[in-house]
Structures are given as structure tokens and as C-alpha cells.
file final_32.cif (mmCIF, C-alpha atoms)
data_data
loop_
_atom_site.label_atom_id
_atom_site.label_comp_id
_atom_site.auth_asym_id
_atom_site.auth_seq_id
_atom_site.Cartn_x
_atom_site.Cartn_y
_atom_site.Cartn_z
CA TYR A 1 -29.96 5.50 82.21
CA PHE A 2 -29.11 1.80 82.72
CA GLU A 3 -32.45 0.73 81.23
CA TRP A 4 -32.19 3.24 78.41
CA THR A 5 -28.70 2.01 77.49
CA LEU A 6 -29.87 -1.59 77.56
CA ASP A 7 -32.92 -0.76 75.40
CA ARG A 8 -30.71 1.04 72.90
CA GLY A 9 -28.48 -2.04 72.74
CA ARG A 10 -31.51 -4.26 72.13
CA PHE A 11 -32.65 -1.88 69.38
CA TYR A 12 -29.27 -2.13 67.62
CA GLN A 13 -29.27 -5.90 68.02
CA GLU A 14 -32.81 -6.32 66.67
CA TYR A 15 -32.20 -4.08 63.63
CA GLN A 16 -28.56 -4.96 63.04
CA GLU A 17 -29.15 -5.78 59.38
CA GLN A 18 -30.68 -2.37 58.66
CA LEU A 19 -28.12 -0.33 60.62
CA ASP A 20 -24.44 0.30 59.99
CA ASP A 21 -22.39 -1.65 62.56
CA GLY A 22 -25.65 -2.48 64.35
CA LEU A 23 -24.29 -5.51 66.17
CA ALA A 24 -21.07 -3.74 67.20
CA LYS A 25 -23.17 -0.89 68.62
CA ALA A 26 -25.37 -3.39 70.46
CA TYR A 27 -22.29 -4.94 72.09
CA GLU A 28 -21.00 -1.49 73.00
CA ASN A 29 -24.28 -0.56 74.73
CA TYR A 30 -24.49 -3.89 76.55
CA ARG A 31 -20.93 -3.41 77.75
CA THR A 32 -21.79 0.06 79.04
CA ALA A 33 -24.85 -1.26 80.89
CA TYR A 34 -22.76 -4.09 82.34
CA GLU A 35 -20.16 -1.65 83.66
CA MET A 36 -22.91 0.46 85.28
CA ASP A 37 -24.42 -2.40 87.28
CA PRO A 38 -22.89 -5.89 86.82
CA GLU A 39 -25.28 -7.59 89.25
CA ARG A 40 -28.44 -6.21 87.65
CA PHE A 41 -27.03 -6.89 84.17
CA ALA A 42 -26.29 -10.53 85.07
CA GLU A 43 -29.70 -11.18 86.58
CA LEU A 44 -31.75 -9.67 83.75
CA ALA A 45 -33.47 -12.16 81.44
CA ASP A 46 -31.71 -15.07 83.18
CA GLY A 47 -28.29 -13.76 82.12
CA TYR A 48 -29.16 -13.39 78.43
CA PHE A 49 -27.18 -10.17 77.95
CA VAL A 50 -24.09 -11.64 79.62
CA GLN A 51 -24.43 -14.61 77.27
CA VAL A 52 -24.48 -12.24 74.27
CA LEU A 53 -21.28 -10.50 75.39
CA LEU A 54 -19.49 -13.72 76.35
CA SER A 55 -20.37 -15.28 73.00
CA ASN A 56 -18.90 -12.23 71.26
CA TYR A 57 -15.70 -12.36 73.33
CA ALA A 58 -15.29 -16.10 72.76
CA SER A 59 -15.81 -15.82 69.01
CA LYS A 60 -13.12 -13.11 68.85
CA ASP A 61 -10.79 -15.00 71.22
CA MET A 62 -10.88 -12.08 73.69
CA LYS A 63 -9.94 -14.24 76.68
CA ASP A 64 -9.01 -11.50 79.12
CA GLU A 65 -12.29 -9.64 78.62
CA ALA A 66 -14.35 -12.85 78.84
CA LEU A 67 -12.60 -14.04 82.01
CA ALA A 68 -12.87 -10.64 83.68
CA MET A 69 -16.61 -10.64 83.02
CA ILE A 70 -16.98 -14.23 84.24
CA ASP A 71 -15.13 -13.38 87.47
CA THR A 72 -17.49 -10.48 88.08
CA VAL A 73 -20.86 -12.02 87.17
CA GLU A 74 -20.44 -15.66 88.23
CA GLN A 75 -21.54 -14.89 91.79
CA TYR A 76 -24.88 -13.63 90.41
CA ALA A 77 -25.36 -16.38 87.82
CA GLY A 78 -28.46 -18.54 87.76
CA GLU A 79 -28.38 -22.11 86.52
CA SER A 80 -28.75 -21.21 82.83
CA LEU A 81 -26.04 -18.54 82.91
CA GLN A 82 -23.70 -20.78 84.92
CA GLN A 83 -23.95 -23.41 82.20
CA VAL A 84 -23.01 -20.79 79.57
CA ILE A 85 -20.09 -19.64 81.74
CA ASP A 86 -18.78 -23.21 82.02
CA GLU A 87 -19.14 -23.76 78.26
CA THR A 88 -17.38 -20.45 77.54
CA ARG A 89 -14.46 -21.43 79.78
CA ASP A 90 -14.13 -24.73 77.94
CA GLN A 91 -14.24 -22.92 74.60
CA LEU A 92 -11.59 -20.40 75.67
CA PHE A 93 -9.25 -23.07 77.04
CA ASP A 94 -9.58 -26.05 74.73
CA ASP A 95 -5.79 -26.47 74.49
CA PRO A 96 -4.81 -28.83 77.36
CA GLU A 97 -1.67 -26.92 78.37
CA GLU A 98 -3.50 -23.58 78.42
CA ARG A 99 -6.30 -25.15 80.41
CA VAL A 100 -3.80 -26.47 82.98
CA GLY A 101 -2.55 -22.93 83.61
CA PHE A 102 -6.09 -21.62 83.84
CA LEU A 103 -7.21 -24.33 86.27
CA GLU A 104 -4.11 -23.91 88.43
CA GLY A 105 -5.06 -20.26 88.80
CA ARG A 106 -8.62 -21.18 89.73
CA LEU A 107 -7.38 -23.71 92.28
CA GLU A 108 -5.26 -21.03 93.93
CA GLN A 109 -8.41 -18.94 94.33
CA ASN A 110 -10.49 -21.96 95.45
CA PRO A 111 -8.16 -24.29 97.40
CA GLY A 112 -9.62 -27.73 97.94
CA ASP A 113 -12.06 -27.54 95.00
CA THR A 114 -12.26 -31.26 94.20
CA GLU A 115 -13.83 -30.75 90.77
CA ILE A 116 -10.88 -28.62 89.62
CA MET A 117 -8.42 -31.05 91.21
CA ASN A 118 -9.98 -34.00 89.37
CA GLU A 119 -9.75 -32.23 86.03
CA LEU A 120 -6.15 -31.19 86.70
CA ILE A 121 -5.14 -34.79 87.43
CA ASP A 122 -6.50 -35.89 84.05
CA LEU A 123 -4.88 -32.95 82.25
CA TYR A 124 -1.50 -33.46 83.94
CA ASP A 125 -1.61 -37.11 82.91
CA GLU A 126 -2.67 -36.19 79.37
CA THR A 127 0.15 -33.64 78.98
CA GLY A 128 2.85 -35.96 80.35
CA GLN A 129 3.17 -34.29 83.77
CA ARG A 130 2.95 -37.54 85.70
CA GLU A 131 4.60 -36.33 88.91
CA GLU A 132 2.17 -33.40 89.10
CA ALA A 133 -0.74 -35.77 88.42
CA ILE A 134 0.30 -38.08 91.26
CA GLU A 135 0.90 -35.19 93.67
CA MET A 136 -2.51 -33.72 92.86
CA ALA A 137 -4.12 -37.17 93.27
CA GLU A 138 -2.51 -37.44 96.72
CA ASN A 139 -3.85 -34.00 97.65
CA LEU A 140 -7.29 -34.97 96.38
CA LEU A 141 -7.32 -38.14 98.49
CA GLU A 142 -6.47 -36.06 101.56
CA GLU A 143 -9.28 -33.68 100.68
CA GLU A 144 -11.83 -36.34 99.76
CA GLN A 145 -11.47 -39.89 101.07
CA THR A 146 -13.26 -41.93 98.39
CA PHE A 147 -12.85 -45.32 96.78
CA GLU A 148 -12.22 -43.72 93.36
CA ASN A 149 -9.45 -41.45 94.64
CA ALA A 150 -7.62 -44.25 96.46
CA GLU A 151 -8.01 -46.59 93.48
CA ARG A 152 -6.57 -43.99 91.11
CA LEU A 153 -3.44 -43.66 93.25
CA ALA A 154 -3.13 -47.45 93.39
CA GLU A 155 -3.27 -47.58 89.59
CA PHE A 156 -0.60 -44.85 89.30
CA ALA A 157 1.67 -46.79 91.69
CA GLN A 158 0.99 -50.09 89.90
CA ALA A 159 1.84 -48.56 86.50
CA ASP A 160 5.11 -47.24 87.95
CA GLY A 161 6.02 -50.68 89.32
CA GLN A 162 5.55 -49.53 92.93
CA ASN A 163 3.76 -52.73 93.90
CA GLN A 164 3.83 -52.37 97.68
CA GLU A 165 2.52 -48.81 97.45
CA ALA A 166 -0.17 -49.98 95.01
CA ILE A 167 -1.30 -52.67 97.47
CA GLU A 168 -1.51 -50.10 100.28
CA TYR A 169 -3.71 -47.82 98.18
CA PHE A 170 -5.86 -50.75 97.01
CA GLU A 171 -6.34 -51.79 100.64
CA GLN A 172 -7.32 -48.22 101.48
CA ALA A 173 -9.81 -48.28 98.60
CA LEU A 174 -11.27 -51.51 100.01
CA GLU A 175 -11.98 -49.78 103.30
CA LEU A 176 -13.75 -46.93 101.52
CA THR A 177 -16.41 -48.98 99.75
CA ASP A 178 -19.24 -51.34 100.63
CA ASP A 179 -19.89 -52.18 96.98
CA PRO A 180 -19.19 -55.92 96.49
CA ASP A 181 -18.27 -55.42 92.81
CA GLN A 182 -15.69 -52.78 93.67
CA GLN A 183 -14.33 -54.94 96.49
CA LYS A 184 -14.04 -57.95 94.18
CA GLU A 185 -12.27 -55.87 91.53
CA VAL A 186 -9.72 -54.54 94.04
CA MET A 187 -9.07 -57.96 95.60
CA VAL A 188 -8.34 -59.39 92.15
CA GLU A 189 -5.89 -56.51 91.51
CA ILE A 190 -4.12 -57.19 94.82
CA ALA A 191 -3.99 -60.92 94.06
CA GLU A 192 -2.44 -60.27 90.63
CA ILE A 193 0.21 -57.98 92.13
CA LEU A 194 1.08 -60.59 94.78
CA GLN A 195 1.22 -63.32 92.14
CA ASN A 196 3.60 -61.19 90.02
CA GLU A 197 5.73 -60.57 93.09
#

call {"tool": "encode", "arguments": {"input": "final_32.cif", "output": "C-alpha cells"}}
result
Amino acid sequence: YFEWTLDRGRFYQEYQEQLDDGLAKAYENYRTAYEMDPERFAELADGYFVQVLLSNYASKDMKDEALAMIDTVEQYAGESLQQVIDETRDQLFDDPEERVGFLEGRLEQNPGDTEIMNELIDLYDETGQREEAIEMAENLLEEEQTFENAERLAEFAQADGQNQEAIEYFEQALELTDDPDQQKEVMVEIAEILQNE
């Protein structure tokens, strides 16, 4: 019955111009097949049928339906489908404030996800939530000790006139890199702060 439903959906999709509401009927059949067996549906044709439904949801701004499907099928997604899922998320949440709320929810489900944390820092900064950006940057540095994360906190502190704190973060960044160009850049920053002091 799963295969039959899927084939009927493909029939409606292929002959949509000759049939009344052909495309709508195709979506309806694909949705039925998806509900029968989400894993099988997601793995068929490298996720093509999921892509069809997600594209339909995104074009109609049906966020709840799209996100529910993404939550279900993402665990079965291959590389091609995962790319479509990521693009669909971006399309659904192109407004920075909406995207913040969405990413905060994802971070609650995936604590310590550094990719989400990085994006949230940028979005907090972009939407004027500086305290949240700094707090998230501090959490990210705890989670992932890298030159870039320490340097970002130093730049936040420097911009806020917290010179001593900026120096401490720059010194931490120095310890986290062996790259001579990065070391030179940080030492110049520290020198400029000390000169201003």
C-alpha cells in the first residue's frame, strides 16, 4: 500500500497539467506515504519525496508542518537531503529575530552544539542583544577552546572599554595558536591597548 500510494502520487505529479488539482493530489499522496513509513519515505530516491513536500511547505509558509517533518526525517537524511533541510530552515527563518528563537530551541535540544552557538552569537549581535552575545561567546569558549573564540571575546571586551579583560582574552588567544600571523596580530592589539592605557 505504501508503494501504491507513492506511485499514485508520482502519477499525479507527472500529469499535473492534465489533471484537476494534480499537484495538490500528488502532495496529499506523498504526505500519506510519509505518515505510513517516515524512514522509508526519507531514504527513497535520496530524499527526493521529502524535498518535494518541504518545498511545498516552504512556499506556502507552513512552518509547523515543515519543521515537524524535518524533526522526523533528519535522522534518516543522506547528504543531499540534509543540504535541502538546511536550506529549508534558512528559508523558513530568514528574519533574524525569528531565527534566534528557532536556534535557541534547537540549542536546548542539542546543548553544546558549537555551530548553533556560533550562529546565535552573530544573530544576537546583529539584533542588538549584546549581553546575550557575550554570554553565548563565553559559553562557546568553555565548550571549544580555540583562538577564534578567545579573540572574539577580547574584541567584545575591547569594544566595551574593558581593556584589562580584553588583554586577558587576547593572552588566552595567544596560547591557543601556533600561527605566527595570528600571534603577531594579537600582540599588536595588546600593545595598542597598553599604549591607550

call {"tool": "closest_residue", "arguments": {"input": "final_32.cif", "among": "A:Val73, A:Leu153, A:Leu67, A:Leu6", "to": "Gly105 in chain A", "atoms": "all atoms listed in the file"}}
result
A:Leu67

call {"tool": "closest_residue", "arguments": {"input": "final_32.cif", "among": "A:Ala58, A:Ala137, A:Ala166, A:Leu120", "to": "Arg99 in chain A", "atoms": "all atoms listed in the file"}}
result
A:Leu120

call {"tool": "resolve_selection", "arguments": {"input": "final_32.cif", "expression": "the PyMOL selection byres ((chain A and resi 46-48) around 9)", "output": "list in words"}}
result
Phe41, Ala42, Glu43, Leu44, Ala45, Phe49, Val50, Gln51, Val52, Leu53, Tyr76, Ala77, Gly78, Glu79, Ser80, Leu81 and Gln82 of chain A

call {"tool": "write_last_selection", "arguments": {"input": "final_32.cif", "atoms": "C-alpha atoms", "output": "PDB file, keeping the file's coordinate frame"}}
result
ATOM      1  CA  PHE A  41     -27.030  -6.890  84.170  1.00  0.00           C
ATOM      2  CA  ALA A  42     -26.290 -10.530  85.070  1.00  0.00           C
ATOM      3  CA  GLU A  43     -29.700 -11.180  86.580  1.00  0.00           C
ATOM      4  CA  LEU A  44     -31.750  -9.670  83.750  1.00  0.00           C
ATOM      5  CA  ALA A  45     -33.470 -12.160  81.440  1.00  0.00           C
ATOM      6  CA  PHE A  49     -27.180 -10.170  77.950  1.00  0.00           C
ATOM      7  CA  VAL A  50     -24.090 -11.640  79.620  1.00  0.00           C
ATOM      8  CA  GLN A  51     -24.430 -14.610  77.270  1.00  0.00           C
ATOM      9  CA  VAL A  52     -24.480 -12.240  74.270  1.00  0.00           C
ATOM     10  CA  LEU A  53     -21.280 -10.500  75.390  1.00  0.00           C
ATOM     11  CA  TYR A  76     -24.880 -13.630  90.410  1.00  0.00           C
ATOM     12  CA  ALA A  77     -25.360 -16.380  87.820  1.00  0.00           C
ATOM     13  CA  GLY A  78     -28.460 -18.540  87.760  1.00  0.00           C
ATOM     14  CA  GLU A  79     -28.380 -22.110  86.520  1.00  0.00           C
ATOM     15  CA  SER A  80     -28.750 -21.210  82.830  1.00  0.00           C
ATOM     16  CA  LEU A  81     -26.040 -18.540  82.910  1.00  0.00           C
ATOM     17  CA  GLN A  82     -23.700 -20.780  84.920  1.00  0.00           C
TER      18      GLN A  82
END

call {"tool": "resolve_selection", "arguments": {"input": "final_32.cif", "expression": "the PyMOL selection byres ((chain A and resi 156-164) around 9)", "output": "PDB file with C-alpha atoms, in the coordinates of the input"}}
result
ATOM      1  CA  ARG A 130       2.950 -37.540  85.700  1.00  0.00           C
ATOM      2  CA  ILE A 134       0.300 -38.080  91.260  1.00  0.00           C
ATOM      3  CA  GLU A 151      -8.010 -46.590  93.480  1.00  0.00           C
ATOM      4  CA  ARG A 152      -6.570 -43.990  91.110  1.00  0.00           C
ATOM      5  CA  LEU A 153      -3.440 -43.660  93.250  1.00  0.00           C
ATOM      6  CA  ALA A 154      -3.130 -47.450  93.390  1.00  0.00           C
ATOM      7  CA  GLU A 155      -3.270 -47.580  89.590  1.00  0.00           C
ATOM      8  CA  GLU A 165       2.520 -48.810  97.450  1.00  0.00           C
ATOM      9  CA  ALA A 166      -0.170 -49.980  95.010  1.00  0.00           C
ATOM     10  CA  ILE A 167      -1.300 -52.670  97.470  1.00  0.00           C
ATOM     11  CA  GLU A 168      -1.510 -50.100 100.280  1.00  0.00           C
ATOM     12  CA  TYR A 169      -3.710 -47.820  98.180  1.00  0.00           C
ATOM     13  CA  ILE A 193       0.210 -57.980  92.130  1.00  0.00           C
ATOM     14  CA  LEU A 194       1.080 -60.590  94.780  1.00  0.00           C
ATOM     15  CA  GLU A 197       5.730 -60.570  93.090  1.00  0.00           C
TER      16      GLU A 197
END

call {"tool": "closest_residue", "arguments": {"input": "final_32.cif", "among": "A:Glu104, A:Glu98, A:Glu189, A:Asp7", "to": "Ile121 in chain A", "atoms": "only C-alpha atoms"}}
result
A:Glu104

call {"tool": "resolve_selection", "arguments": {"input": "final_32.cif", "expression": "the PyMOL selection byres ((chain A and resi 145) around 12)", "output": "MDAnalysis selection string"}}
result
chainID A and resid 114 137:144 146:153 169 172:177

call {"tool": "atom_distance", "arguments": {"input": "final_32.cif", "atom1": "CA of Tyr34 in chain A", "atom2": "CA of Gly101 in chain A"}}
result
27.7 Å
